[in-house]
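Q: The following block contains the structure, expressed as structure tokens.
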Amino acid sequence: MKGIKKSLTEEYLYLDFSHQKEGCIFPLHTSVTLFLLSYCDCTVFKVFLVLPGESTGVSLLKNVPSESVEIQIISRQELPPIVQSCCLPAVVERPDNFCRAGLAVVLRHIIQKSYEADPSKKEILELLGFKKTCLKACAEVSQWTRLCELTVPLAVENFLKESFDQSPTIPAAIQELEKKLSEPVRVHNDDKLRRQKLKQQKAAGVGPSLAKEKTKSKGHRQETSEEGDSSSASLELNVAFSKFTIHKEPASANREPSHVRKAKASDLPPLDHVFAEGLYFTLADIVLLPCIHHFLVIICRKLSGKLVEFPLLTAWYQRIQEVPRVQTAASQCGIQFLSLPELQTTSSQQSPNLDEAPSAEEQNDPSFIGGPRPTMTKLMEKGIEVMFSPHPCPTWTLDWDTLPAAVSPKEGKMSSDRALRKQQQLNNLVYMVTNQAKPGDRIVDFCSGGGHVGIVLAHMLPSCQVILIENKELSLIRAKKRSDELGLSNIWFIQANMEYFTGMFNIGVALHACGVATDMVIEHCLKTRASFVTCPCCYGFIQNTSKFSFPKSELFKKTLSYKEHMILCRFADQTAVQLPPQRRLIGKQCMCLVDLDRARAAEERGFSVQVISMEPESCSPKNNMIVGVPI
């Protein structure tokens, strides 16, 4: 990755261990991680299995890839303090102040370190997929990452627990994965490959509709028949497995036939899945393999009649065994592949995604009137008006000229004007935090980016512990470089989704956390009973998720529908300086109302909350602060 200094220093990998059954180590996140280590033949980590409680003796550990990976057993009390604040798996760099936590983040790091240790293994780096984005988006915003990283492993673990003493229920997550495999593949060279497929079908005398039926009847078979009637999946298979061959056939110089060149995009045949994300073997396949294997073991043992419901999963399971090194890694990890029958696919109507489907209220709301003014009027009729709390000290500022250079955002890659506005934003947040902080407090800078807020706080409050949490690795590495220049010893860096941070803290802060990320920060603080200082951003990205529904407060729910609240969110983003003053004013009012809903929801849970406008307001178009203190 660009900008990352290559380092082969020893790192410490910590994995949960709850129990082992039939060669499988639980939780499944640990099995997945060990499988990847074996697949990559990675030896750059010291690996620790972490037992619950104080116990450190395990006599039944078998089929752990000990030939290539040295594994030690420790208790949870022996974990470094930074790891004790995170969900496992986690990787720590010495001197124990930089931690990566959560399955996707850790697995992506293992791949990167394996490649750095041996750059000839380019196929290892290709596990990260197109533009190295496989499972990069955090589970809070990506349904696919959430399915692979959280939903499927947890669903299979519960399925296995049920199977011990009763007939288990098929997990909805597995059914969703089967449906995902039936969806057309979208890749960056989609049009080119689909035209190749059309040419292949025409050459075989098969039309797109007939080819689709043949695909179903053959269950995505890899073989081509002797009559020359190739399966419609053969193009996808050739493309997928060409990555694993040393010598590739040169591309044909012949021009495509006229009927192929002129075919409309809507008339081109869809591409079928070969692997989980489409045509290529990626990290997603590594994550799913141990989970699906153990699911299929129970299906074959107790619910064999249900196997026919998963023809695409079984085809994927058999296909993945042909990938080089998968068999070896599976053997080292105690996975004995099943021999499954070839199944026929059945056409099924795709069900709408429940996370994205509009609610009945949204579809059938006869009282809805578009635009922000009717919505704002509706709130005013209920006594809910735009109202900011006064700024406690609007002229307060840090003495930036006397601070070390590495403290200032001017050290980052930004213009002088933007750096000045960033300093003004920091003045507001730092004032609010320093007025609340006490010696010994833990302060968490959520969505920390390059550490502009956290580094200032760590420098200004040396008696407090400051923790930066950020999902983007490069941003956190830049923050650590600035911290090292300052010699800060009271700061931790955690690359993780914020839900993987489980430690206690006293104050949470977030500057311009995007969309529902602000709501996640506030929720984290509410659960921990920690004060919070947040500056929201990207109101237009707010939407219902698996964790949040809007409006949030009971007061707003009684007045506005979801659709009306979304109108406020969309117009709250219209505060850019280029817009007409009247339009910006409406945007600012909508911002206030959205944040008042957030504030009232926190008040309903025992917090005193204020919505305050930053000073000067020109420091940012998104210049609201939501400041909450537990009562």
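Following the order of the structure tokens, first chain is A, next is B, and so on, with residues numbered from 1 inside each chain and ligands from 1 in the order they appear.
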Show me, as a ChimeraX atom specification, the residues that have an atom within 12 Å of Glu381 in chain A when counting only C-alpha atoms, minus same-chain residues fewer than 5 positions from it.

A: /A:374-376,559-560

Q: Tell me, counting only C-alpha atoms, for each residue of range 459-567 of chain A within 7 Å of range 611-631 of chain A, which pair of atoms is nearest and how far apart they are in Å to one decimal, in rows ordered by chain and increasing number, as JSON lines.

A:
{"residue": "A:Arg529", "atom": "CA", "partner": "A:Pro630", "partner_atom": "CA", "distance": 6.1}
{"residue": "A:Ala530", "atom": "CA", "partner": "A:Pro630", "partner_atom": "CA", "distance": 6.7}
{"residue": "A:Ser531", "atom": "CA", "partner": "A:Val629", "partner_atom": "CA", "distance": 4.5}
{"residue": "A:Phe532", "atom": "CA", "partner": "A:Gly628", "partner_atom": "CA", "distance": 5.1}
{"residue": "A:Val533", "atom": "CA", "partner": "A:Val627", "partner_atom": "CA", "distance": 4.6}
{"residue": "A:Thr534", "atom": "CA", "partner": "A:Ile626", "partner_atom": "CA", "distance": 5.2}
{"residue": "A:Cys535", "atom": "CA", "partner": "A:Met625", "partner_atom": "CA", "distance": 4.6}
{"residue": "A:Pro536", "atom": "CA", "partner": "A:Asn624", "partner_atom": "CA", "distance": 6.8}
{"residue": "A:Cys537", "atom": "CA", "partner": "A:Lys622", "partner_atom": "CA", "distance": 5.9}

Q: For all heavy atoms, I'd like the residues from the last selection saved as a compact mmCIF listing (two decimals), in the first residue's frame.

A:
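Contents of part.txt, freshly written:
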# COMPACT_ATOMS: atom_id res chain seq x y z
N ARG A 529 -21.89 5.53 29.81
CA ARG A 529 -22.16 6.66 30.71
C ARG A 529 -20.99 7.63 30.69
O ARG A 529 -20.54 8.13 31.74
CB ARG A 529 -22.44 6.19 32.15
CG ARG A 529 -23.59 5.22 32.29
CD ARG A 529 -24.92 5.82 31.90
NE ARG A 529 -25.35 6.91 32.76
CZ ARG A 529 -26.39 7.70 32.51
NH1 ARG A 529 -27.11 7.51 31.40
NH2 ARG A 529 -26.73 8.67 33.33
N ALA A 530 -20.50 7.91 29.49
CA ALA A 530 -19.39 8.86 29.30
C ALA A 530 -19.93 10.15 28.70
O ALA A 530 -20.88 10.15 27.92
CB ALA A 530 -18.33 8.25 28.38
N SER A 531 -19.32 11.26 29.06
CA SER A 531 -19.65 12.54 28.43
C SER A 531 -19.27 12.48 26.96
O SER A 531 -18.41 11.69 26.55
CB SER A 531 -18.90 13.68 29.12
OG SER A 531 -19.24 13.77 30.49
N PHE A 532 -19.90 13.34 26.16
CA PHE A 532 -19.54 13.35 24.74
C PHE A 532 -19.57 14.77 24.18
O PHE A 532 -20.35 15.62 24.60
CB PHE A 532 -20.44 12.43 23.91
CG PHE A 532 -21.92 12.72 24.00
CD1 PHE A 532 -22.52 13.68 23.18
CD2 PHE A 532 -22.73 12.02 24.89
CE1 PHE A 532 -23.88 13.93 23.24
CE2 PHE A 532 -24.09 12.26 24.97
CZ PHE A 532 -24.67 13.22 24.14
N VAL A 533 -18.65 14.99 23.21
CA VAL A 533 -18.59 16.24 22.46
C VAL A 533 -18.46 15.83 20.99
O VAL A 533 -17.41 15.34 20.58
CB VAL A 533 -17.38 17.11 22.87
CG1 VAL A 533 -17.38 18.41 22.06
CG2 VAL A 533 -17.40 17.40 24.36
N THR A 534 -19.53 15.99 20.23
CA THR A 534 -19.50 15.56 18.84
C THR A 534 -19.85 16.71 17.92
O THR A 534 -20.65 17.58 18.26
CB THR A 534 -20.51 14.41 18.58
OG1 THR A 534 -21.83 14.90 18.75
CG2 THR A 534 -20.26 13.25 19.53
N CYS A 535 -19.23 16.71 16.76
CA CYS A 535 -19.53 17.67 15.71
C CYS A 535 -19.98 16.86 14.49
O CYS A 535 -19.14 16.25 13.82
CB CYS A 535 -18.29 18.50 15.39
SG CYS A 535 -18.52 19.60 13.97
N PRO A 536 -21.29 16.79 14.21
CA PRO A 536 -21.79 15.93 13.14
C PRO A 536 -21.40 16.43 11.75
O PRO A 536 -21.02 17.59 11.56
CB PRO A 536 -23.30 15.96 13.33
CG PRO A 536 -23.52 16.47 14.71
CD PRO A 536 -22.38 17.39 14.98
N CYS A 537 -21.53 15.54 10.77
CA CYS A 537 -21.23 15.87 9.39
C CYS A 537 -22.08 14.99 8.48
O CYS A 537 -22.65 13.99 8.93
CB CYS A 537 -19.74 15.65 9.11
SG CYS A 537 -19.18 16.28 7.52

Q: Run DSSP on the backbone and give me the residues of range 486-558 of chain A it puts in strand (DSSP E), as JSON, numbers by chain.

A: {"A": [491, 492, 493, 494, 495, 507, 508, 509, 510, 511, 512, 513, 514, 531, 532, 533, 534, 535, 536, 537]}

Q: Write a file of the just-selected residues containing C-alpha atoms, as a PDB file, in the first residue's frame.

A:
ATOM      1  CA  ILE A 491      -1.785   8.027  23.648  1.00  0.00           C
ATOM      2  CA  TRP A 492      -3.029   4.787  22.053  1.00  0.00           C
ATOM      3  CA  PHE A 493      -3.859   4.101  18.426  1.00  0.00           C
ATOM      4  CA  ILE A 494      -6.524   1.533  17.545  1.00  0.00           C
ATOM      5  CA  GLN A 495      -7.391   0.661  13.956  1.00  0.00           C
ATOM      6  CA  ILE A 507     -15.224  11.353  27.513  1.00  0.00           C
ATOM      7  CA  GLY A 508     -15.912  10.589  23.869  1.00  0.00           C
ATOM      8  CA  VAL A 509     -15.184  13.136  21.162  1.00  0.00           C
ATOM      9  CA  ALA A 510     -15.725  13.108  17.403  1.00  0.00           C
ATOM     10  CA  LEU A 511     -15.041  15.853  14.870  1.00  0.00           C
ATOM     11  CA  HIS A 512     -17.113  15.529  11.711  1.00  0.00           C
ATOM     12  CA  ALA A 513     -18.095  11.874  12.125  1.00  0.00           C
ATOM     13  CA  CYS A 514     -19.966  11.142   8.913  1.00  0.00           C
ATOM     14  CA  SER A 531     -19.649  12.540  28.427  1.00  0.00           C
ATOM     15  CA  PHE A 532     -19.536  13.348  24.740  1.00  0.00           C
ATOM     16  CA  VAL A 533     -18.586  16.244  22.461  1.00  0.00           C
ATOM     17  CA  THR A 534     -19.501  15.559  18.837  1.00  0.00           C
ATOM     18  CA  CYS A 535     -19.530  17.666  15.707  1.00  0.00           C
ATOM     19  CA  PRO A 536     -21.786  15.925  13.139  1.00  0.00           C
ATOM     20  CA  CYS A 537     -21.228  15.872   9.387  1.00  0.00           C
TER      21      CYS A 537
END

Q: Please report, as a tab-separated table, each residue of range 402-489 of chain A lying at most 10 Å from range 100-124 of chain A, together with the nearest pair of atoms and the separation in Å rounded to one decimal; use only C-alpha atoms, and order rows by chain and ascending residue number.

A:
residue	atom	partner	partner_atom	distance
A:Ile469	CA	A:Arg100	CA	9.7
A:Glu470	CA	A:Arg100	CA	9.7
A:Asn471	CA	A:Val105	CA	8.1
A:Lys472	CA	A:Val105	CA	9.4
A:Glu473	CA	A:Arg100	CA	8.9

Q: Which is closer to Lys563 in chain A than all the others in A:Thr434, A:Ser415, A:Gly371, A:Pro581, using only C-alpha atoms?

A: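 The closest residue to Lys563 in chain A is A:Gly371.
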
Q: Have a look at A:Val323, A:Ile477, A:Leu461, A:Met387 and name the one nearest to Ser489 in chain A; count only C-alpha atoms.

A: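 Distance minimum relative to Ser489 in chain A lands on A:Leu461.
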
Q: For Leu420 in chain A, list every protein, DNA or RNA residue within 10 Å, evaluated using only C-alpha atoms, and leave out those in the same chain fewer than 5 positions away; present the list as a PDB file with all heavy atoms, in the first residue's frame.

A:
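Final output, part.pdb:
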ATOM      1  N   SER A 408      -0.079  21.138  15.572  1.00  0.00           N
ATOM      2  CA  SER A 408      -0.951  21.933  14.709  1.00  0.00           C
ATOM      3  C   SER A 408      -1.390  21.160  13.475  1.00  0.00           C
ATOM      4  O   SER A 408      -0.614  20.389  12.903  1.00  0.00           O
ATOM      5  CB  SER A 408      -0.219  23.207  14.261  1.00  0.00           C
ATOM      6  OG  SER A 408      -0.984  23.901  13.297  1.00  0.00           O
ATOM      7  N   PRO A 409      -2.651  21.353  13.066  1.00  0.00           N
ATOM      8  CA  PRO A 409      -3.104  20.720  11.816  1.00  0.00           C
ATOM      9  C   PRO A 409      -2.365  21.230  10.590  1.00  0.00           C
ATOM     10  O   PRO A 409      -2.461  20.630   9.519  1.00  0.00           O
ATOM     11  CB  PRO A 409      -4.592  21.095  11.754  1.00  0.00           C
ATOM     12  CG  PRO A 409      -4.754  22.275  12.640  1.00  0.00           C
ATOM     13  CD  PRO A 409      -3.718  22.119  13.713  1.00  0.00           C
ATOM     14  N   LYS A 410      -1.597  22.312  10.730  1.00  0.00           N
ATOM     15  CA  LYS A 410      -0.804  22.800   9.602  1.00  0.00           C
ATOM     16  C   LYS A 410       0.241  21.777   9.179  1.00  0.00           C
ATOM     17  O   LYS A 410       0.759  21.828   8.070  1.00  0.00           O
ATOM     18  CB  LYS A 410      -0.116  24.123   9.974  1.00  0.00           C
ATOM     19  CG  LYS A 410      -1.068  25.300  10.082  1.00  0.00           C
ATOM     20  CD  LYS A 410      -0.330  26.593  10.379  1.00  0.00           C
ATOM     21  CE  LYS A 410      -1.303  27.774  10.452  1.00  0.00           C
ATOM     22  NZ  LYS A 410      -0.616  29.047  10.764  1.00  0.00           N
ATOM     23  N   MET A 414      -2.706  20.199   4.045  1.00  0.00           N
ATOM     24  CA  MET A 414      -3.866  21.049   3.776  1.00  0.00           C
ATOM     25  C   MET A 414      -3.405  22.488   3.571  1.00  0.00           C
ATOM     26  O   MET A 414      -2.318  22.869   4.005  1.00  0.00           O
ATOM     27  CB  MET A 414      -4.886  20.958   4.911  1.00  0.00           C
ATOM     28  CG  MET A 414      -4.387  21.399   6.276  1.00  0.00           C
ATOM     29  SD  MET A 414      -5.688  21.358   7.541  1.00  0.00           S
ATOM     30  CE  MET A 414      -5.929  19.614   7.747  1.00  0.00           C
ATOM     31  N   SER A 415      -4.255  23.254   2.909  1.00  0.00           N
ATOM     32  CA  SER A 415      -3.926  24.655   2.643  1.00  0.00           C
ATOM     33  C   SER A 415      -3.935  25.450   3.944  1.00  0.00           C
ATOM     34  O   SER A 415      -4.482  25.014   4.962  1.00  0.00           O
ATOM     35  CB  SER A 415      -4.948  25.245   1.671  1.00  0.00           C
ATOM     36  OG  SER A 415      -6.233  25.307   2.288  1.00  0.00           O
ATOM     37  N   GLN A 425     -11.975  24.986  14.618  1.00  0.00           N
ATOM     38  CA  GLN A 425     -12.828  23.861  15.033  1.00  0.00           C
ATOM     39  C   GLN A 425     -12.257  23.205  16.292  1.00  0.00           C
ATOM     40  O   GLN A 425     -12.993  22.894  17.240  1.00  0.00           O
ATOM     41  CB  GLN A 425     -12.911  22.823  13.906  1.00  0.00           C
ATOM     42  CG  GLN A 425     -13.594  23.320  12.635  1.00  0.00           C
ATOM     43  CD  GLN A 425     -13.301  22.424  11.446  1.00  0.00           C
ATOM     44  OE1 GLN A 425     -13.002  21.244  11.592  1.00  0.00           O
ATOM     45  NE2 GLN A 425     -13.368  22.992  10.243  1.00  0.00           N
ATOM     46  N   LEU A 426     -10.932  23.024  16.303  1.00  0.00           N
ATOM     47  CA  LEU A 426     -10.287  22.390  17.456  1.00  0.00           C
ATOM     48  C   LEU A 426     -10.426  23.253  18.707  1.00  0.00           C
ATOM     49  O   LEU A 426     -10.585  22.725  19.817  1.00  0.00           O
ATOM     50  CB  LEU A 426      -8.813  22.122  17.156  1.00  0.00           C
ATOM     51  CG  LEU A 426      -8.538  21.087  16.053  1.00  0.00           C
ATOM     52  CD1 LEU A 426      -7.052  20.990  15.771  1.00  0.00           C
ATOM     53  CD2 LEU A 426      -9.086  19.731  16.450  1.00  0.00           C
ATOM     54  N   CYS A 619     -15.986  28.672  10.622  1.00  0.00           N
ATOM     55  CA  CYS A 619     -14.937  27.651  10.722  1.00  0.00           C
ATOM     56  C   CYS A 619     -15.296  26.390   9.937  1.00  0.00           C
ATOM     57  O   CYS A 619     -14.422  25.618   9.553  1.00  0.00           O
ATOM     58  CB  CYS A 619     -14.637  27.302  12.183  1.00  0.00           C
ATOM     59  SG  CYS A 619     -15.974  26.412  13.026  1.00  0.00           S
TER      60      CYS A 619
END

Q: Can you list, as number ranges by chain, every protein, DNA or RNA residue that comes within 9 Å of Glu183 in chain A when you count only C-alpha atoms, leaving out same-chain residues fewer than 5 positions away?

A: A: 270-273, 350

Q: Can I get the selection written as a PDB file, in the first residue's frame, with N, CA and C atoms?

A:
ATOM      1  N   PRO A 270     -25.731 -12.049 -18.142  1.00  0.00           N
ATOM      2  CA  PRO A 270     -25.066 -11.721 -16.868  1.00  0.00           C
ATOM      3  C   PRO A 270     -23.925 -12.691 -16.602  1.00  0.00           C
ATOM      4  N   LEU A 271     -22.989 -12.265 -15.782  1.00  0.00           N
ATOM      5  CA  LEU A 271     -21.896 -13.131 -15.350  1.00  0.00           C
ATOM      6  C   LEU A 271     -22.295 -13.858 -14.077  1.00  0.00           C
ATOM      7  N   ASP A 272     -21.938 -15.124 -13.998  1.00  0.00           N
ATOM      8  CA  ASP A 272     -22.272 -15.931 -12.823  1.00  0.00           C
ATOM      9  C   ASP A 272     -21.126 -15.921 -11.820  1.00  0.00           C
ATOM     10  N   HIS A 273     -21.480 -16.124 -10.563  1.00  0.00           N
ATOM     11  CA  HIS A 273     -20.463 -16.204  -9.507  1.00  0.00           C
ATOM     12  C   HIS A 273     -19.606 -17.452  -9.683  1.00  0.00           C
ATOM     13  N   GLN A 350     -36.054 -13.082  -6.257  1.00  0.00           N
ATOM     14  CA  GLN A 350     -35.238 -12.424  -5.258  1.00  0.00           C
ATOM     15  C   GLN A 350     -36.106 -11.609  -4.320  1.00  0.00           C
TER      16      GLN A 350
END

Q: Using only C-alpha atoms, find the one residue out of A:Val577, A:Leu15, A:Val69, A:Leu135 that sits nearest to Cys333 in chain A.

A: A:Val69

Q: Against range 157-163 of chain A, which residues of range 21-120 of chain A fall within 10 Å? For each one I want the closest pair of atoms and the distance in Å (one decimal), counting only C-alpha atoms, rows by chain and increasing residue number, as CSV.

A:
residue,atom,partner,partner_atom,distance
A:Phe26,CA,A:Glu157,CA,8.2
A:Pro27,CA,A:Glu157,CA,7.4
A:Leu28,CA,A:Glu157,CA,7.1

Q: Determine, counting only C-alpha atoms, which protein, DNA and RNA residues have an atom within 8 Å of an atom of Ile174 in chain A; residues of the same chain fewer than 3 positions away are not included. Present the result as number ranges by chain.

A: A: 152, 155, 170-171, 177-178

Q: Write the residues of the preceding selection, restricted to C-alpha atoms, as a PDB file, in the first residue's frame.

A:
ATOM      1  CA  VAL A 152     -22.398 -15.644   8.999  1.00  0.00           C
ATOM      2  CA  ALA A 155     -25.089 -17.639  12.786  1.00  0.00           C
ATOM      3  CA  ILE A 170     -31.273 -23.103   9.057  1.00  0.00           C
ATOM      4  CA  PRO A 171     -29.749 -19.647   9.706  1.00  0.00           C
ATOM      5  CA  LEU A 177     -25.518 -15.932   1.230  1.00  0.00           C
ATOM      6  CA  GLU A 178     -27.103 -18.459  -1.156  1.00  0.00           C
TER       7      GLU A 178
END

Q: Residues near Leu13 in chain A, anyone? I mean within 7 Å using only C-alpha atoms, not counting same-chain ones fewer than 5 positions away, as JSON, numbers by chain.

A: {"A": [45, 46, 47, 48, 90, 91, 92]}

Q: Just to confirm, what's the straight-line distance from CA of Tyr431 in chain A to CA of Trp396 in chain A in Å (one decimal)?

A: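 A separation of 7.4 Å between them.
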
Q: One decimal, in Å: what's the spacing between CA of Leu568 in chain A and CA of Met591 in chain A?

A: 7.5 Å

Q: Select, from A:Val466, A:Asp190, A:Asp285, A:Met432, the residue with the minimum atom-to-atom distance to His391 in chain A, counting only C-alpha atoms.

A: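 Of all the options, A:Met432 lies closest to His391 in chain A.
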
Q: Name all residues at most 12 Å from Phe571 in chain A (count only C-alpha atoms; drop same-chain ones fewer than 4 positions away) and give them as a list in words.

A: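 Surrounding residues, per the criterion: Gly370, Gly371, Pro372, Arg373, Thr375, Met376, Cys538, Tyr539, Gly540, Phe541, Ile542, Glu564, His565, Met566, Ile567, Thr575, Ala576, Arg583, Arg584, Leu585, Ile586, Gly587, Lys588, Gln589, Cys590, Met591, Cys592, Leu593 and Val594 of chain A.
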